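K.L.:
If it helps, the file is called coords_37.pdb and holds PDB, C-alpha atoms, pLDDT in the B column:
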MODEL        1
ATOM      1  CA  MET A 861     107.079 108.284 221.529  1.00 49.00           C
ATOM      2  CA  LYS A 862     106.550 106.828 218.051  1.00 47.00           C
ATOM      3  CA  ARG A 863     105.368 110.213 216.788  1.00 47.00           C
ATOM      4  CA  GLN A 864     108.552 111.909 218.077  1.00 48.00           C
ATOM      5  CA  GLN A 865     110.705 109.223 216.448  1.00 44.00           C
ATOM      6  CA  HIS A 866     109.069 109.781 213.008  1.00 41.00           C
ATOM      7  CA  HIS A 867     109.436 113.543 213.426  1.00 42.00           C
ATOM      8  CA  TRP A 868     113.125 113.145 214.249  1.00 39.00           C
ATOM      9  CA  ILE A 869     113.706 110.880 211.193  1.00 42.00           C
ATOM     10  CA  ALA A 870     111.951 113.364 208.880  1.00 38.00           C
ATOM     11  CA  THR A 871     113.945 116.278 210.339  1.00 40.00           C
ATOM     12  CA  ALA A 872     117.235 114.367 209.978  1.00 38.00           C
ATOM     13  CA  ALA A 873     116.435 113.416 206.374  1.00 39.00           C
ATOM     14  CA  LEU A 874     115.619 117.043 205.518  1.00 38.00           C
ATOM     15  CA  ALA A 875     118.822 118.299 207.170  1.00 42.00           C
ATOM     16  CA  LEU A 876     120.880 115.706 205.299  1.00 40.00           C
ATOM     17  CA  ALA A 877     119.280 116.640 201.961  1.00 43.00           C
ATOM     18  CA  LEU A 878     119.997 120.324 202.561  1.00 47.00           C
ATOM     19  CA  ALA A 879     123.602 119.596 203.538  1.00 49.00           C
ATOM     20  CA  LEU A 880     124.393 117.550 200.405  1.00 49.00           C
ATOM     21  CA  PRO A 881     125.717 119.422 197.364  1.00 54.00           C
ATOM     22  CA  ALA A 882     123.224 119.863 194.528  1.00 48.00           C
ATOM     23  CA  SER A 883     125.140 117.361 192.385  1.00 45.00           C
ATOM     24  CA  ALA A 884     124.545 114.654 194.975  1.00 48.00           C
ATOM     25  CA  GLN A 885     120.809 115.461 195.191  1.00 50.00           C
ATOM     26  CA  THR A 886     120.067 115.274 191.462  1.00 51.00           C
ATOM     27  CA  PRO A 887     121.138 112.504 189.145  1.00 51.00           C
ATOM     28  CA  ALA A 888     124.003 113.414 186.839  1.00 59.00           C
ATOM     29  CA  VAL A 889     123.162 113.873 183.175  1.00 62.00           C
ATOM     30  CA  VAL A 890     124.699 111.052 181.198  1.00 76.00           C
ATOM     31  CA  CYS A 891     126.005 112.210 177.846  1.00 87.00           C
ATOM     32  CA  THR A 892     126.100 109.953 174.843  1.00 84.00           C
ATOM     33  CA  PRO A 893     129.629 109.885 173.404  1.00 91.00           C
ATOM     34  CA  PRO A 894     129.633 111.483 169.924  1.00 93.00           C
ATOM     35  CA  ALA A 895     130.545 108.173 168.261  1.00 95.00           C
ATOM     36  CA  ASP A 896     127.459 106.527 169.815  1.00 93.00           C
ATOM     37  CA  MET A 897     124.915 109.153 168.724  1.00 93.00           C
ATOM     38  CA  VAL A 898     122.117 107.725 166.549  1.00 93.00           C
ATOM     39  CA  PRO A 899     119.850 109.527 164.044  1.00 93.00           C
ATOM     40  CA  ALA A 900     116.853 109.386 166.425  1.00 93.00           C
ATOM     41  CA  GLN A 901     118.770 111.749 168.723  1.00 93.00           C
ATOM     42  CA  LEU A 902     118.614 114.364 165.956  1.00 95.00           C
ATOM     43  CA  TYR A 903     114.797 114.469 166.061  1.00 95.00           C
ATOM     44  CA  GLY A 904     113.481 117.852 167.121  1.00 96.00           C
ATOM     45  CA  LEU A 905     114.132 121.541 166.636  1.00 97.00           C
ATOM     46  CA  TRP A 906     117.683 122.889 166.215  1.00 97.00           C
ATOM     47  CA  GLN A 907     118.793 126.536 166.184  1.00 97.00           C
ATOM     48  CA  LEU A 908     121.166 127.434 163.343  1.00 97.00           C
ATOM     49  CA  VAL A 909     123.971 129.966 162.968  1.00 97.00           C
ATOM     50  CA  LEU A 910     125.943 130.267 159.689  1.00 96.00           C
ATOM     51  CA  TRP A 911     128.973 132.474 159.000  1.00 96.00           C
ATOM     52  CA  PRO A 912     131.464 132.680 156.110  1.00 95.00           C
ATOM     53  CA  GLN A 913     134.563 130.560 156.553  1.00 93.00           C
ATOM     54  CA  GLU A 914     136.663 133.392 155.112  1.00 92.00           C
ATOM     55  CA  GLY A 915     136.444 136.561 157.194  1.00 89.00           C
ATOM     56  CA  GLY A 916     133.356 135.638 159.226  1.00 91.00           C
ATOM     57  CA  SER A 917     132.685 134.749 162.830  1.00 94.00           C
ATOM     58  CA  GLU A 918     130.042 132.976 164.841  1.00 95.00           C
ATOM     59  CA  ALA A 919     129.504 136.202 166.822  1.00 95.00           C
ATOM     60  CA  THR A 920     128.446 138.028 163.641  1.00 94.00           C
ATOM     61  CA  PRO A 921     126.438 135.455 161.665  1.00 94.00           C
ATOM     62  CA  ALA A 922     125.571 135.854 157.996  1.00 93.00           C
ATOM     63  CA  SER A 923     122.426 133.780 158.528  1.00 94.00           C
ATOM     64  CA  THR A 924     120.365 132.382 161.391  1.00 96.00           C
ATOM     65  CA  GLY A 925     117.417 130.055 161.450  1.00 97.00           C
ATOM     66  CA  ALA A 926     116.145 126.666 162.506  1.00 97.00           C
ATOM     67  CA  LEU A 927     115.976 123.070 161.336  1.00 97.00           C
ATOM     68  CA  LEU A 928     113.281 120.609 162.341  1.00 97.00           C
ATOM     69  CA  PHE A 929     114.357 116.973 162.043  1.00 97.00           C
ATOM     70  CA  GLU A 930     111.970 114.015 161.993  1.00 97.00           C
ATOM     71  CA  ARG A 931     112.294 110.330 161.165  1.00 96.00           C
ATOM     72  CA  HIS A 932     112.897 109.794 157.457  1.00 96.00           C
ATOM     73  CA  PRO A 933     109.852 107.925 156.086  1.00 94.00           C
ATOM     74  CA  GLU A 934     111.867 105.912 153.547  1.00 94.00           C
ATOM     75  CA  TYR A 935     115.193 105.385 155.350  1.00 92.00           C
ATOM     76  CA  PRO A 936     114.877 104.403 159.034  1.00 87.00           C
ATOM     77  CA  GLY A 937     118.531 105.222 159.789  1.00 90.00           C
ATOM     78  CA  SER A 938     118.162 108.800 158.552  1.00 96.00           C
ATOM     79  CA  VAL A 939     116.351 112.047 159.257  1.00 97.00           C
ATOM     80  CA  ARG A 940     114.285 114.332 157.062  1.00 97.00           C
ATOM     81  CA  GLY A 941     113.201 117.822 157.863  1.00 97.00           C
ATOM     82  CA  SER A 942     112.819 121.441 156.965  1.00 97.00           C
ATOM     83  CA  LEU A 943     115.158 124.401 157.118  1.00 97.00           C
ATOM     84  CA  LYS A 944     114.136 128.036 157.516  1.00 97.00           C
ATOM     85  CA  ARG A 945     116.817 130.690 157.648  1.00 96.00           C
ATOM     86  CA  SER A 946     117.520 134.317 156.940  1.00 93.00           C
ATOM     87  CA  THR A 947     119.674 135.399 154.018  1.00 82.00           C
ATOM     88  CA  PRO A 948     120.565 138.896 152.820  1.00 77.00           C
ATOM     89  CA  GLY A 949     117.382 140.358 151.339  1.00 76.00           C
ATOM     90  CA  ASN A 950     115.024 137.426 152.027  1.00 82.00           C
ATOM     91  CA  ASP A 951     114.356 134.253 153.951  1.00 91.00           C
ATOM     92  CA  ARG A 952     115.112 130.808 152.591  1.00 92.00           C
ATOM     93  CA  GLN A 953     113.287 127.516 153.045  1.00 96.00           C
ATOM     94  CA  ALA A 954     114.564 124.084 152.070  1.00 97.00           C
ATOM     95  CA  LEU A 955     114.046 120.389 152.591  1.00 97.00           C
ATOM     96  CA  VAL A 956     116.872 118.488 154.242  1.00 98.00           C
ATOM     97  CA  SER A 957     117.786 114.850 154.776  1.00 97.00           C
ATOM     98  CA  GLY A 958     120.776 113.240 156.400  1.00 96.00           C
ATOM     99  CA  ASP A 959     122.189 111.183 159.222  1.00 95.00           C
ATOM    100  CA  VAL A 960     124.764 110.881 161.949  1.00 95.00           C
ATOM    101  CA  THR A 961     127.227 107.982 161.940  1.00 94.00           C
ATOM    102  CA  SER A 962     130.143 107.501 164.337  1.00 95.00           C
ATOM    103  CA  GLY A 963     129.862 111.144 165.415  1.00 94.00           C
ATOM    104  CA  GLU A 964     129.897 112.482 161.838  1.00 96.00           C
ATOM    105  CA  PHE A 965     126.901 114.533 160.688  1.00 96.00           C
ATOM    106  CA  ASN A 966     125.918 114.732 157.002  1.00 97.00           C
ATOM    107  CA  LEU A 967     122.997 116.608 155.493  1.00 97.00           C
ATOM    108  CA  ASP A 968     121.719 117.345 151.970  1.00 97.00           C
ATOM    109  CA  GLU A 969     119.758 120.567 151.368  1.00 96.00           C
ATOM    110  CA  SER A 970     117.293 121.119 148.511  1.00 96.00           C
ATOM    111  CA  ALA A 971     115.039 124.133 147.908  1.00 94.00           C
ATOM    112  CA  ASP A 972     112.756 122.207 145.522  1.00 94.00           C
ATOM    113  CA  GLY A 973     113.029 118.699 146.972  1.00 91.00           C
ATOM    114  CA  VAL A 974     114.715 117.424 143.783  1.00 92.00           C
ATOM    115  CA  THR A 975     117.942 119.316 143.073  1.00 93.00           C
ATOM    116  CA  MET A 976     120.623 119.318 145.752  1.00 94.00           C
ATOM    117  CA  ASP A 977     121.650 122.886 146.596  1.00 94.00           C
ATOM    118  CA  ALA A 978     124.078 122.382 149.478  1.00 95.00           C
ATOM    119  CA  VAL A 979     125.882 119.733 151.479  1.00 97.00           C
ATOM    120  CA  TRP A 980     126.476 119.940 155.221  1.00 97.00           C
ATOM    121  CA  GLU A 981     129.356 118.026 156.812  1.00 98.00           C
ATOM    122  CA  GLY A 982     130.157 118.206 160.485  1.00 97.00           C
ATOM    123  CA  ASN A 983     130.625 116.500 163.801  1.00 97.00           C
ATOM    124  CA  VAL A 984     128.846 116.043 167.082  1.00 96.00           C
ATOM    125  CA  THR A 985     130.824 118.132 169.579  1.00 95.00           C
ATOM    126  CA  ALA A 986     132.280 116.190 172.501  1.00 92.00           C
ATOM    127  CA  SER A 987     131.363 118.921 174.980  1.00 91.00           C
ATOM    128  CA  GLY A 988     127.839 119.415 173.600  1.00 91.00           C
ATOM    129  CA  CYS A 989     126.356 116.258 175.123  1.00 90.00           C
ATOM    130  CA  GLY A 990     124.598 115.385 171.863  1.00 91.00           C
ATOM    131  CA  GLN A 991     123.028 118.840 171.711  1.00 94.00           C
ATOM    132  CA  GLU A 992     125.522 120.592 169.402  1.00 96.00           C
ATOM    133  CA  LEU A 993     126.776 119.958 165.871  1.00 97.00           C
ATOM    134  CA  ARG A 994     129.521 121.962 164.106  1.00 98.00           C
ATOM    135  CA  GLY A 995     130.837 121.861 160.576  1.00 98.00           C
ATOM    136  CA  ILE A 996     130.802 123.307 157.076  1.00 98.00           C
ATOM    137  CA  ARG A 997     127.970 124.013 154.634  1.00 97.00           C
ATOM    138  CA  ARG A 998     129.096 124.160 151.026  1.00 95.00           C
ATOM    139  CA  PRO A 999     127.301 124.481 147.686  1.00 94.00           C
ATOM    140  CA  ALA A1000     126.542 121.102 146.122  1.00 93.00           C
ATOM    141  CA  GLU A1001     128.936 119.955 143.396  1.00 89.00           C
ATOM    142  CA  GLY A1002     128.110 121.538 140.056  1.00 83.00           C
ATOM    143  CA  ARG A1003     125.791 124.079 141.671  1.00 78.00           C
ATOM    144  CA  ALA A1004     126.390 127.663 140.512  1.00 72.00           C
ATOM    145  CA  THR A1005     125.971 129.926 143.503  1.00 71.00           C
ATOM    146  CA  ASN A1006     127.392 133.097 144.914  1.00 76.00           C
ATOM    147  CA  GLU A1007     127.225 131.813 148.494  1.00 80.00           C
ATOM    148  CA  PRO A1008     130.597 131.293 150.147  1.00 86.00           C
ATOM    149  CA  LEU A1009     131.712 128.252 152.079  1.00 93.00           C
ATOM    150  CA  MET A1010     130.006 128.628 155.473  1.00 95.00           C
ATOM    151  CA  ASN A1011     130.725 127.355 158.971  1.00 98.00           C
ATOM    152  CA  PHE A1012     127.690 126.259 160.928  1.00 98.00           C
ATOM    153  CA  VAL A1013     126.649 125.456 164.446  1.00 98.00           C
ATOM    154  CA  LEU A1014     123.406 123.688 165.276  1.00 98.00           C
ATOM    155  CA  LYS A1015     122.198 123.684 168.880  1.00 97.00           C
ATOM    156  CA  LYS A1016     119.190 121.699 169.983  1.00 96.00           C
ATOM    157  CA  ALA A1017     116.407 123.995 171.148  1.00 95.00           C
ATOM    158  CA  GLN A1018     115.279 123.929 174.784  1.00 85.00           C
ATOM    159  CA  GLY A1019     112.611 121.332 175.446  1.00 77.00           C
ATOM    160  CA  TRP A1020     113.739 119.007 172.614  1.00 62.00           C
ATOM    161  CA  ARG A1021     116.083 116.778 174.605  1.00 60.00           C
TER     162      ARG A1021
ENDMDL
END
Could you quickly redo this structure as structure tokens?
P.N.:
Amino acid sequence: MKRQQHHWIATAALALALALPASAQTPAVVCTPPADMVPAQLYGLWQLVLWPQEGGSEATPASTGALLFERHPEYPGSVRGSLKRSTPGNDRQALVSGDVTSGEFNLDESADGVTMDAVWEGNVTASGCGQELRGIRRPAEGRATNEPLMNFVLKKAQGWR
């Protein structure tokens, strides 16, 4: 009798689990509000898409690549990392450092680690659950360049949650 009772309980539990919607079976993902995102949540690999602000579109990027963010060794509330991206005719590498504060993302880019080449300003997207940043990349002040003002989107790569 006890064996039949355990079998019935197991069968009922299985039937109940199969009848529940998937959202009730798995815990809901809790998203950090953009204003609460901290620099440590930037750590990891991000996929990059850049397109000109004038006459460009995300669907036809001018440049693609990746950024790898790690903890900044000198400033605990910041990130440091490396950028690798395509540009017309060649690939570009740079060092980057920045932070996220109250949902605002800021990043400095330098090809040689000394001179600032570009500044990135953007925001954590509300719908991106801390996995998407959007904004503008512009040449650093006083920097002579033929690169236009660019829109960017950064999306955290799979496996780097």
K.L.:
Might you pull out every residue within 10 Å of Pro921 in chain A, with all atoms listed in the file counted and same-chain residues fewer than 5 positions away left off, and present them as a VMD selection string?
P.N.:
chain A and resid 908 to 912 916 1010 to 1012
K.L.:
Record the distance separating CA of Gly941 in chain A and CA of Ala954 in chain A, expressed in Å with one decimal.
P.N.:
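We find that CA of Gly941 in chain A and CA of Ala954 in chain A lie 8.6 Å from each other.
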K.L.:
Using all atoms listed in the file, list the residues that have an atom at most 12 Å from (125.1, 119.5, 178.0), coordinates as in the file, as a tab-separated table (two decimals) with C-alpha atoms, in the frame of the given file.
P.N.:
chain	number	residue	atom	x	y	z
A	888	ALA	CA	124.00	113.41	186.84
A	889	VAL	CA	123.16	113.87	183.18
A	890	VAL	CA	124.70	111.05	181.20
A	891	CYS	CA	126.00	112.21	177.85
A	892	THR	CA	126.10	109.95	174.84
A	893	PRO	CA	129.63	109.88	173.40
A	985	THR	CA	130.82	118.13	169.58
A	986	ALA	CA	132.28	116.19	172.50
A	987	SER	CA	131.36	118.92	174.98
A	988	GLY	CA	127.84	119.42	173.60
A	989	CYS	CA	126.36	116.26	175.12
A	990	GLY	CA	124.60	115.38	171.86
A	991	GLN	CA	123.03	118.84	171.71
A	992	GLU	CA	125.52	120.59	169.40
A	1015	LYS	CA	122.20	123.68	168.88
A	1016	LYS	CA	119.19	121.70	169.98
A	1017	ALA	CA	116.41	124.00	171.15
A	1018	GLN	CA	115.28	123.93	174.78
A	1021	ARG	CA	116.08	116.78	174.60
K.L.:
Using all atoms listed in the file, determine which residues lie at most 9 Å from Ala1000 in chain A, disregarding the query and same-chain residues fewer than 6 positions distant; provide the list as a list in words.
P.N.:
Asp968, Glu969, Met976, Asp977, Ala978 and Val979 of chain A
K.L.:
Between CA of Glu964 in chain A and CA of Glu981 in chain A, measure the distance and give it in Å to one decimal.
P.N.:
7.5 Å
K.L.:
What do you get, as a list in words, if you spell out every residue that the PyMOL selection byres ((chain A and resi 993) around 7) selects here?
P.N.:
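Matching residues under the PyMOL selection byres ((chain A and resi 993) around 7) are Gly982, Asn983, Val984, Thr985, Glu992, Arg994, Gly995, Val1013, Leu1014 and Lys1015 of chain A.
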K.L.:
So how many Å separate CA of Leu1009 in chain A and CA of Gly904 in chain A, to one decimal?
P.N.:
25.8 Å
K.L.:
Neighbours of Ser938 in chain A within 12 Å (only C-alpha atoms; same-chain residues fewer than 3 positions away dropped), as a PDB file with C-alpha atoms, in the coordinates of the input?
P.N.:
ATOM      1  CA  VAL A 898     122.117 107.725 166.549  1.00 93.00           C
ATOM      2  CA  PRO A 899     119.850 109.527 164.044  1.00 93.00           C
ATOM      3  CA  ALA A 900     116.853 109.386 166.425  1.00 93.00           C
ATOM      4  CA  GLN A 901     118.770 111.749 168.723  1.00 93.00           C
ATOM      5  CA  LEU A 902     118.614 114.364 165.956  1.00 95.00           C
ATOM      6  CA  TYR A 903     114.797 114.469 166.061  1.00 95.00           C
ATOM      7  CA  PHE A 929     114.357 116.973 162.043  1.00 97.00           C
ATOM      8  CA  GLU A 930     111.970 114.015 161.993  1.00 97.00           C
ATOM      9  CA  ARG A 931     112.294 110.330 161.165  1.00 96.00           C
ATOM     10  CA  HIS A 932     112.897 109.794 157.457  1.00 96.00           C
ATOM     11  CA  PRO A 933     109.852 107.925 156.086  1.00 94.00           C
ATOM     12  CA  GLU A 934     111.867 105.912 153.547  1.00 94.00           C
ATOM     13  CA  TYR A 935     115.193 105.385 155.350  1.00 92.00           C
ATOM     14  CA  GLY A 941     113.201 117.822 157.863  1.00 97.00           C
ATOM     15  CA  VAL A 956     116.872 118.488 154.242  1.00 98.00           C
ATOM     16  CA  SER A 957     117.786 114.850 154.776  1.00 97.00           C
ATOM     17  CA  GLY A 958     120.776 113.240 156.400  1.00 96.00           C
ATOM     18  CA  ASP A 959     122.189 111.183 159.222  1.00 95.00           C
ATOM     19  CA  VAL A 960     124.764 110.881 161.949  1.00 95.00           C
ATOM     20  CA  THR A 961     127.227 107.982 161.940  1.00 94.00           C
ATOM     21  CA  PHE A 965     126.901 114.533 160.688  1.00 96.00           C
ATOM     22  CA  ASN A 966     125.918 114.732 157.002  1.00 97.00           C
ATOM     23  CA  LEU A 967     122.997 116.608 155.493  1.00 97.00           C
ATOM     24  CA  ASP A 968     121.719 117.345 151.970  1.00 97.00           C
TER      25      ASP A 968
END
K.L.:
At most 8 Å from (111.2, 126.0, 160.1), file frame, all atoms listed in the file: which residues, as a VMD selection string?
P.N.:
chain A and resid 925 to 928 942 to 945 953
K.L.:
Dump C-alpha atoms for the selected residues as an mmCIF file, in the frame of the given file?
P.N.:
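And here's selection-v3.cif as it stands now:
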data_model
loop_
_atom_site.group_PDB
_atom_site.id
_atom_site.type_symbol
_atom_site.label_atom_id
_atom_site.label_comp_id
_atom_site.auth_asym_id
_atom_site.auth_seq_id
_atom_site.Cartn_x
_atom_site.Cartn_y
_atom_site.Cartn_z
ATOM 1 C CA GLY A 925 117.417 130.055 161.450
ATOM 2 C CA ALA A 926 116.145 126.666 162.506
ATOM 3 C CA LEU A 927 115.976 123.070 161.336
ATOM 4 C CA LEU A 928 113.281 120.609 162.341
ATOM 5 C CA SER A 942 112.819 121.441 156.965
ATOM 6 C CA LEU A 943 115.158 124.401 157.118
ATOM 7 C CA LYS A 944 114.136 128.036 157.516
ATOM 8 C CA ARG A 945 116.817 130.690 157.648
ATOM 9 C CA GLN A 953 113.287 127.516 153.045
#
K.L.:
For a quick check of understanding, using only C-alpha atoms, which of A:Gly1002, A:Gly963, A:Pro1008, A:Pro894 has the smallest distance to Glu914 in chain A?
P.N.:
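Smallest separation from Glu914 in chain A among the options: A:Pro1008.
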K.L.:
To test your reading of the syntax: which residues would the PyMOL selection byres ((chain A and resi 946) around 7) return for the file shown? Reply as a list of chain:residue names.
P.N.:
A:Ser923, A:Thr924, A:Gly925, A:Arg945, A:Thr947, A:Pro948, A:Asn950, A:Asp951, A:Arg952
